[in-house]
Amino acid sequence: MSITCKVCGYNTLLAVKPLIDRLGWETRLQDVVPYLRCSSCKAKGQVTFQIVFVGSSGEAMLGAEKKNHPKATGIFDGNV
Ligand SMILES: [Zn+2]
């Protein structure tokens, strides 16, 4: 996903799947974002994120093997 700092405008890409693998499917991105710290200006929680699909492999499709998870389809439905 694309992460943009609201304070300094710093933009970076963050892979979604490793984040999910680490935090688990029960964690919503909206819950994680407040803890993200800008690596440029060190502002904490002042970021916006946007899901972007990188490449054509379908890897960014958030793990098709998890599609039976009851919450899997609703994780990224929030607007921040
Ligand atoms: Zn920043």
# chains A, B, ... in the order shown; residues from 1 in each chain; ligands from 1

$ residues_near_ligand --ligand "ligand 1" --cutoff "12 Å" --atoms "only C-alpha atoms and all ligand atoms" --output "ChimeraX atom specification"
/A:3-12,36-48
